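> This is my_file-v7.txt, which holds compact mmCIF, C-alpha atoms:
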# COMPACT_ATOMS: atom_id res chain seq x y z
CA MET A 1 148.09 33.31 8.98
CA ARG A 2 146.00 33.12 12.12
CA THR A 3 148.77 34.86 14.03
CA PHE A 4 148.89 37.63 11.47
CA ILE A 5 145.12 38.21 11.66
CA PHE A 6 145.30 38.23 15.44
CA ALA A 7 148.14 40.75 15.39
CA ALA A 8 146.29 42.97 12.92
CA ALA A 9 143.15 42.87 15.06
CA LEU A 10 145.19 43.70 18.14
CA VAL A 11 146.82 46.69 16.45
CA GLY A 12 143.44 47.88 15.19
CA SER A 13 141.84 47.58 18.59
CA ILE A 14 144.45 49.71 20.33
CA ALA A 15 144.73 52.31 17.56
CA ALA A 16 142.57 54.77 19.47
CA CYS A 17 145.05 54.74 22.34
CA GLY A 18 147.48 56.67 20.14
CA GLU A 19 145.21 59.68 19.62
CA ARG A 20 146.16 63.04 20.99
CA PRO A 21 144.57 63.80 24.36
CA GLN A 22 141.45 65.96 24.04
CA THR A 23 142.11 67.86 27.21
CA ASN A 24 140.87 71.34 27.96
CA GLU A 25 144.12 72.88 29.11
CA ALA A 26 145.35 76.43 28.76
CA ASN A 27 148.17 76.89 26.32
CA THR A 28 151.57 77.16 27.91
CA ARG A 29 153.87 76.16 25.08
CA ASP A 30 154.39 79.63 23.60
CA SER A 31 157.93 80.92 23.96
CA THR A 32 158.60 84.38 25.28
CA ALA A 33 158.95 87.31 22.89
CA PHE A 34 162.27 88.41 24.32
CA SER A 35 163.82 85.07 23.41
CA GLY A 36 163.93 86.36 19.84
CA THR A 37 163.86 84.54 16.55
CA ASP A 38 166.50 82.96 14.37
CA LYS A 39 165.57 85.23 11.46
CA ALA A 40 167.72 87.93 9.95
CA PHE A 41 165.05 90.59 10.40
CA VAL A 42 165.67 91.11 14.10
CA ASN A 43 166.04 94.72 15.11
CA PRO A 44 169.56 95.46 16.41
CA GLY A 45 170.20 97.06 19.77
CA TRP A 46 169.21 94.26 22.09
CA LYS A 47 170.33 90.80 23.01
CA PRO A 48 167.89 87.92 22.37
CA GLY A 49 167.14 86.16 25.65
CA ASP A 50 167.83 89.25 27.73
CA LYS A 51 164.46 90.53 28.86
CA ALA A 52 165.75 93.82 30.24
CA SER A 53 167.48 94.79 27.01
CA TRP A 54 164.42 93.79 24.96
CA GLU A 55 162.17 95.93 27.13
CA SER A 56 164.41 98.97 27.07
CA GLN A 57 164.86 98.67 23.31
CA LEU A 58 161.09 98.50 22.78
CA LYS A 59 160.52 101.52 25.01
CA ALA A 60 163.13 103.48 23.11
CA ARG A 61 161.59 102.39 19.82
CA THR A 62 158.16 103.55 21.00
CA GLN A 63 159.57 106.96 21.87
CA TYR A 64 161.56 107.67 18.74
CA GLY A 65 159.11 105.96 16.44
CA GLN A 66 155.81 107.24 17.74
CA ASN A 67 156.39 110.31 19.89
CA ASP A 68 156.79 113.07 17.33
CA TYR A 69 157.28 115.72 20.02
CA THR A 70 160.59 114.18 21.02
CA ARG A 71 161.55 113.79 17.38
CA MET A 72 160.87 117.43 16.59
CA ASN A 73 162.37 119.01 19.70
CA MET B 1 157.61 96.53 31.83
CA ALA B 2 153.96 97.42 31.88
CA ARG B 3 151.58 95.58 29.62
CA MET B 4 151.22 96.25 25.91
CA LYS B 5 148.38 98.54 24.85
CA PHE B 6 146.89 100.27 21.84
CA VAL B 7 145.77 103.91 21.82
CA CYS B 8 143.98 105.49 18.88
CA ASP B 9 143.99 109.26 18.82
CA ALA B 10 140.74 110.30 17.11
CA GLU B 11 142.04 113.86 16.71
CA ARG B 12 144.76 112.61 14.41
CA CYS B 13 143.21 109.69 12.52
CA ILE B 14 142.51 110.70 8.93
CA GLU B 15 140.88 107.42 7.86
CA CYS B 16 143.67 106.62 5.42
CA ASN B 17 143.46 102.90 6.23
CA GLY B 18 147.24 102.67 6.25
CA CYS B 19 147.04 100.58 9.43
CA VAL B 20 144.64 98.17 7.76
CA THR B 21 146.90 97.82 4.75
CA ALA B 22 150.02 97.42 6.86
CA CYS B 23 148.38 94.63 8.85
CA LYS B 24 147.09 92.81 5.78
CA ASN B 25 150.48 93.01 4.11
CA GLU B 26 152.59 92.15 7.12
CA HIS B 27 150.67 89.01 8.01
CA GLU B 28 149.35 88.10 4.57
CA VAL B 29 145.84 88.02 6.00
CA PRO B 30 143.42 86.27 3.62
CA TRP B 31 140.65 87.97 1.71
CA GLY B 32 137.61 88.60 3.87
CA VAL B 33 139.50 88.73 7.14
CA ASN B 34 140.25 92.16 8.59
CA ARG B 35 142.20 92.06 11.77
CA ARG B 36 142.10 95.85 11.88
CA ARG B 37 139.71 98.35 10.37
CA VAL B 38 138.96 102.04 10.56
CA VAL B 39 135.58 103.08 11.91
CA THR B 40 134.23 106.58 11.33
CA LEU B 41 131.76 108.07 13.78
CA ASN B 42 129.18 110.52 12.39
CA ASP B 43 130.48 109.92 8.89
CA GLY B 44 129.81 112.86 6.61
CA VAL B 45 128.87 115.18 9.45
CA PRO B 46 131.25 118.06 10.21
CA GLY B 47 133.42 117.02 13.12
CA GLU B 48 133.40 113.33 12.24
CA LYS B 49 135.94 111.20 14.05
CA SER B 50 137.72 108.11 12.85
CA ILE B 51 139.31 105.44 14.97
CA SER B 52 141.33 102.39 14.12
CA VAL B 53 139.86 99.30 15.76
CA ALA B 54 141.27 95.83 16.33
CA CYS B 55 141.73 93.50 19.25
CA MET B 56 142.66 95.71 22.21
CA HIS B 57 144.15 92.84 24.21
CA CYS B 58 141.86 93.60 27.13
CA SER B 59 142.94 93.36 30.72
CA ASP B 60 139.91 91.20 31.49
CA ALA B 61 139.27 89.78 28.04
CA PRO B 62 135.67 88.62 27.54
CA CYS B 63 136.75 86.30 24.70
CA MET B 64 138.89 84.37 27.15
CA ALA B 65 135.98 84.09 29.54
CA VAL B 66 133.51 82.65 27.04
CA CYS B 67 135.76 80.35 25.00
CA PRO B 68 134.41 76.82 25.55
CA VAL B 69 137.70 75.14 24.63
CA ASN B 70 139.98 77.59 26.44
CA CYS B 71 142.10 78.34 23.41
CA PHE B 72 143.09 81.83 24.60
CA TYR B 73 146.09 82.69 26.69
CA ARG B 74 147.82 85.87 27.78
CA THR B 75 151.54 86.49 27.45
CA ASP B 76 153.69 88.12 30.08
CA GLU B 77 153.33 91.38 28.17
CA GLY B 78 149.53 91.25 28.42
CA VAL B 79 148.97 90.28 24.80
CA VAL B 80 145.90 88.07 24.34
CA LEU B 81 146.67 85.27 21.89
CA HIS B 82 144.93 82.08 20.89
CA ASP B 83 145.82 78.59 19.75
CA LYS B 84 144.31 77.71 16.37
CA ASP B 85 144.97 74.04 16.99
CA VAL B 86 142.48 74.21 19.86
CA CYS B 87 139.93 76.68 18.42
CA ILE B 88 136.77 75.03 17.10
CA GLY B 89 135.45 78.14 15.36
CA CYS B 90 132.27 78.31 17.43
CA GLY B 91 132.16 82.12 17.29
CA TYR B 92 131.36 82.73 20.97
CA CYS B 93 134.32 85.11 21.20
CA SER B 94 132.87 87.12 18.33
CA TYR B 95 129.69 87.73 20.29
CA ALA B 96 131.58 88.55 23.49
CA CYS B 97 134.13 90.97 22.04
CA PRO B 98 133.10 94.64 22.36
CA PHE B 99 135.43 95.58 19.49
CA GLY B 100 134.37 93.00 16.89
CA ALA B 101 137.93 91.73 16.76
CA PRO B 102 137.49 87.99 16.13
CA GLN B 103 137.33 87.23 12.43
CA PHE B 104 136.38 84.00 10.71
CA PRO B 105 137.65 83.03 7.27
CA SER B 106 134.85 81.71 5.08
CA GLN B 107 136.71 80.08 2.22
CA GLY B 108 136.07 76.59 3.59
CA THR B 109 133.75 74.02 2.14
CA PHE B 110 130.15 75.26 1.91
CA GLY B 111 131.27 78.54 3.47
CA VAL B 112 131.84 76.84 6.78
CA ARG B 113 133.26 79.04 9.51
CA GLY B 114 136.93 78.36 10.01
CA LYS B 115 139.29 78.90 12.92
CA MET B 116 139.10 82.30 14.52
CA ASP B 117 141.66 84.89 13.42
CA LYS B 118 142.44 88.17 15.13
CA CYS B 119 145.09 90.76 15.82
CA THR B 120 148.06 89.27 17.65
CA PHE B 121 149.74 92.58 18.52
CA CYS B 122 152.29 91.23 16.03
CA ALA B 123 153.26 88.65 18.62
CA GLY B 124 152.59 85.50 16.62
CA GLY B 125 151.18 82.49 18.38
CA PRO B 126 152.13 79.35 20.26
CA GLU B 127 154.31 78.00 17.45
CA ALA B 128 158.07 78.58 17.58
CA ASN B 129 159.02 82.24 17.23
CA GLY B 130 159.61 83.19 13.63
CA SER B 131 158.76 79.74 12.28
CA GLN B 132 156.92 79.17 9.03
CA ALA B 133 154.09 77.46 10.92
CA GLU B 134 153.67 80.51 13.13
CA PHE B 135 153.62 82.83 10.13
CA GLU B 136 151.04 80.78 8.26
CA LYS B 137 148.70 80.54 11.23
CA TYR B 138 149.18 83.84 13.01
CA GLY B 139 151.40 86.09 10.94
CA ARG B 140 154.75 87.62 11.69
CA ASN B 141 156.11 87.81 15.21
CA ARG B 142 157.47 91.34 15.24
CA LEU B 143 157.70 91.54 19.02
CA ALA B 144 160.22 88.70 18.98
CA GLU B 145 162.15 90.70 16.39
CA GLY B 146 162.32 93.65 18.76
CA LYS B 147 159.74 95.62 16.83
CA LEU B 148 156.27 97.01 17.50
CA PRO B 149 152.99 96.29 15.69
CA ALA B 150 153.18 97.19 12.01
CA CYS B 151 149.88 99.10 12.06
CA ALA B 152 151.14 101.61 14.61
CA GLU B 153 154.60 101.93 13.14
CA MET B 154 153.12 102.56 9.67
CA CYS B 155 150.55 105.11 10.88
CA SER B 156 151.32 108.28 8.93
CA THR B 157 149.86 110.71 11.48
CA LYS B 158 150.84 108.65 14.51
CA ALA B 159 147.20 108.46 15.51
CA LEU B 160 147.59 104.83 16.40
CA ILE B 161 150.14 104.22 19.11
CA ALA B 162 151.18 100.81 20.34
CA GLY B 163 153.66 99.65 22.90
CA ASP B 164 154.29 99.65 26.61
CA GLY B 165 151.14 100.95 28.32
CA ASP B 166 152.97 103.53 30.42
CA VAL B 167 154.88 104.91 27.46
CA VAL B 168 151.91 105.18 25.10
CA ALA B 169 149.77 106.76 27.82
CA ASP B 170 152.52 109.28 28.43
CA ILE B 171 152.78 110.13 24.73
CA PHE B 172 149.02 110.59 24.47
CA ARG B 173 148.83 112.64 27.67
CA ASN B 174 151.51 114.96 26.36
CA ARG B 175 149.57 115.49 23.14
CA VAL B 176 146.35 116.28 24.96
CA LEU B 177 148.09 118.80 27.19
CA ARG B 178 149.68 120.55 24.23
CA ARG B 179 146.60 120.80 22.06
CA GLY B 180 144.19 121.23 24.94
CA LYS B 181 141.52 118.88 23.64
CA GLY B 182 140.86 115.38 22.41
CA ALA B 183 141.34 113.53 25.66
CA GLU B 184 138.70 110.94 24.81
CA VAL B 185 140.19 107.56 24.05
CA TRP B 186 137.55 105.31 22.61
CA GLY B 187 137.83 101.76 23.84
CA TRP B 188 140.50 102.44 26.43
CA GLY B 189 138.13 102.17 29.39
CA THR B 190 136.35 99.15 27.96
CA ALA B 191 139.60 97.36 27.33
CA TYR B 192 141.74 98.42 30.25
CA GLY B 193 139.22 99.56 32.86
CA SER B 194 140.06 103.23 33.07
CA LYS B 195 137.90 105.29 35.40
CA GLN B 196 137.93 108.05 32.78
CA ALA B 197 135.99 105.93 30.32
CA GLY B 198 132.90 107.61 28.97
CA GLN B 199 133.61 110.93 30.62
CA PRO B 200 133.08 114.05 28.55
CA GLY B 201 136.15 115.76 27.20
CA VAL B 202 137.78 118.64 28.98
CA ALA B 203 137.03 122.02 27.43
CA ALA B 204 139.97 123.49 25.58
CA PRO B 205 141.74 126.28 27.46
CA GLU B 206 141.87 129.65 25.84
CA GLY B 207 144.68 130.06 23.36
CA ALA B 208 145.16 126.35 22.88
CA LYS B 209 146.25 125.23 19.45
CA SER B 210 144.07 122.74 17.65
Give the structure from the file, written as structure tokens.


Amino acid sequence: MRTFIFAAALVGSIAACGERPQTNEANTRDSTAFSGTDKAFVNPGWKPGDKASWESQLKARTQYGQNDYTRMN
Amino acid sequence: MARMKFVCDAERCIECNGCVTACKNEHEVPWGVNRRRVVTLNDGVPGEKSISVACMHCSDAPCMAVCPVNCFYRTDEGVVLHDKDVCIGCGYCSYACPFGAPQFPSQGTFGVRGKMDKCTFCAGGPEANGSQAEFEKYGRNRLAEGKLPACAEMCSTKALIAGDGDVVADIFRNRVLRRGKGAEVWGWGTAYGSKQAGQPGVAAPEGAKS
């Protein structure tokens, strides 16, 4: 019984050591946009993980989606 | 690729609030939080102008500078995002932002100010791309789906343009040259440091179409 109480007190005393660090660090865990998602809504025309194809696809989308002069002429 | 930017063409904006609705719907933004809104200058006066305003993802973002817990970060595309797990909802960013972008949900206990919420340029947040956790905290990650912000893509008059800074600037420049007026881009200089900021518009050449 005494051993159990001692073990419980020991666990309780070191419980705070398991808390997440409260550091003031900039976030770096975000993944890149060109790595894509595993969803079915991904726009076709580019290869997830290929930055160059993602960029060129977005530029093309900007032109045909938002530049009405190129769409009309 | 250049950095991502927003341009709102005040000559074209008709204050339909389609961008606001698109944003609310796309990200299921809660009641009381408006990541984007339409502001009308000289409302009711002939010649009034409307502009769609949200986080402009500034080159030198003041929100990042004042955040006491450093929850903001900038992606490779120049999109300013924040980590809601780090945000303490102090509201300093709200005072620093020249566009009034940071929003605070107030449905907490006793109306307490919650974690800051703002436009993400449809780029999600630090959670895994396309995950449920990312959607619930930050909304959809359209950039990772190879798409552009919903507000700009839904804009009926194409007043709001979003995308690669060089491309959107080229589109806007082409418009101004064709119509011969409306070169003022509200917020562009404040957000991206253009030397043209605050300069009066160029007079329309004779024969220019409006």

> Please identify every residue of chain A that has at least one atom no farther than 7 Å from an atom of chain B, counting all atoms listed in the file, and for each give the shortest atom pair and the distance in Å to one decimal, arranged by chain then increasing number, as a Markdown table.


| residue | atom | partner | partner_atom | distance |
| --- | --- | --- | --- | --- |
| A:Asn24 | CA | B:Val69 | CA | 6.0 |
| A:Glu25 | CA | B:Asn70 | CA | 6.8 |
| A:Ala26 | CA | B:Asn70 | CA | 6.0 |
| A:Asn27 | CA | B:Tyr73 | CA | 6.2 |
| A:Arg29 | CA | B:Pro126 | CA | 6.0 |
| A:Asp30 | CA | B:Pro126 | CA | 4.0 |
| A:Ser31 | CA | B:Ala128 | CA | 6.8 |
| A:Ala33 | CA | B:Ala144 | CA | 4.3 |
| A:Phe34 | CA | B:Ala144 | CA | 5.7 |
| A:Ser35 | CA | B:Ala144 | CA | 6.8 |
| A:Gly36 | CA | B:Ala144 | CA | 4.5 |
| A:Thr37 | CA | B:Gly130 | CA | 5.3 |
| A:Asp38 | CA | B:Gly130 | CA | 6.9 |
| A:Lys39 | CA | B:Gly130 | CA | 6.7 |
| A:Phe41 | CA | B:Glu145 | CA | 6.7 |
| A:Val42 | CA | B:Glu145 | CA | 4.2 |
| A:Asn43 | CA | B:Gly146 | CA | 5.3 |
| A:Trp54 | CA | B:Gly146 | CA | 6.5 |
| A:Glu55 | CA | B:Met1 | CA | 6.6 |
| A:Leu58 | CA | B:Gly146 | CA | 6.4 |
| A:Lys59 | CA | B:Asp164 | CA | 6.7 |
| A:Thr62 | CA | B:Gly163 | CA | 6.3 |
| A:Gly65 | CA | B:Glu153 | CA | 6.9 |
| A:Gln66 | CA | B:Lys158 | CA | 6.1 |
| A:Asn67 | CA | B:Ile171 | CA | 6.0 |

> Figure out the distance between CA of Arg3 in chain B and CA of Lys24 in chain B, please, to one decimal in Å.

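CA of Arg3 in chain B lies 24.4 Å from CA of Lys24 in chain B.
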
> May I have the residues at most 6 Å from (136.7, 81.8, 10.6) in the file's coordinates, counting all atoms listed in the file, as a VMD selection string?

chain B and resid 103 to 106 113 to 116

> Please measure the separation of CA of Asp9 in chain B and CA of Val185 in chain B, giving the value in Å to one decimal.

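These atoms are spaced 6.7 Å apart.
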
> Figure out the distance between CA of Arg140 in chain B and CA of Cys87 in chain B, please, to one decimal in Å.

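The value is 19.6 Å.
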
> Counting all atoms listed in the file, what is within 12 Å of Ala10 in chain B, bar same-chain residues fewer than 2 positions away, as a ChimeraX atom specification?

/B:7-8,12-15,38-41,47-53,157-161,172,175-176,181-187

> Enclose range 50-69 of chain B, meaning all of its atoms listed in the file, in a box aligned along x, y and z, pad it by 6 Å on each side, and list the centre and edge lengths in Å to one decimal, as JSON.


{"center_x": 138.8, "center_y": 91.6, "center_z": 22.2, "size_x": 22.6, "size_y": 45.0, "size_z": 30.6}

> Between B:Ala191, B:Ile88, B:His57, B:Pro102, which residue has the minimum interatomic distance to Asn34 in chain B, considering only C-alpha atoms?

B:Pro102
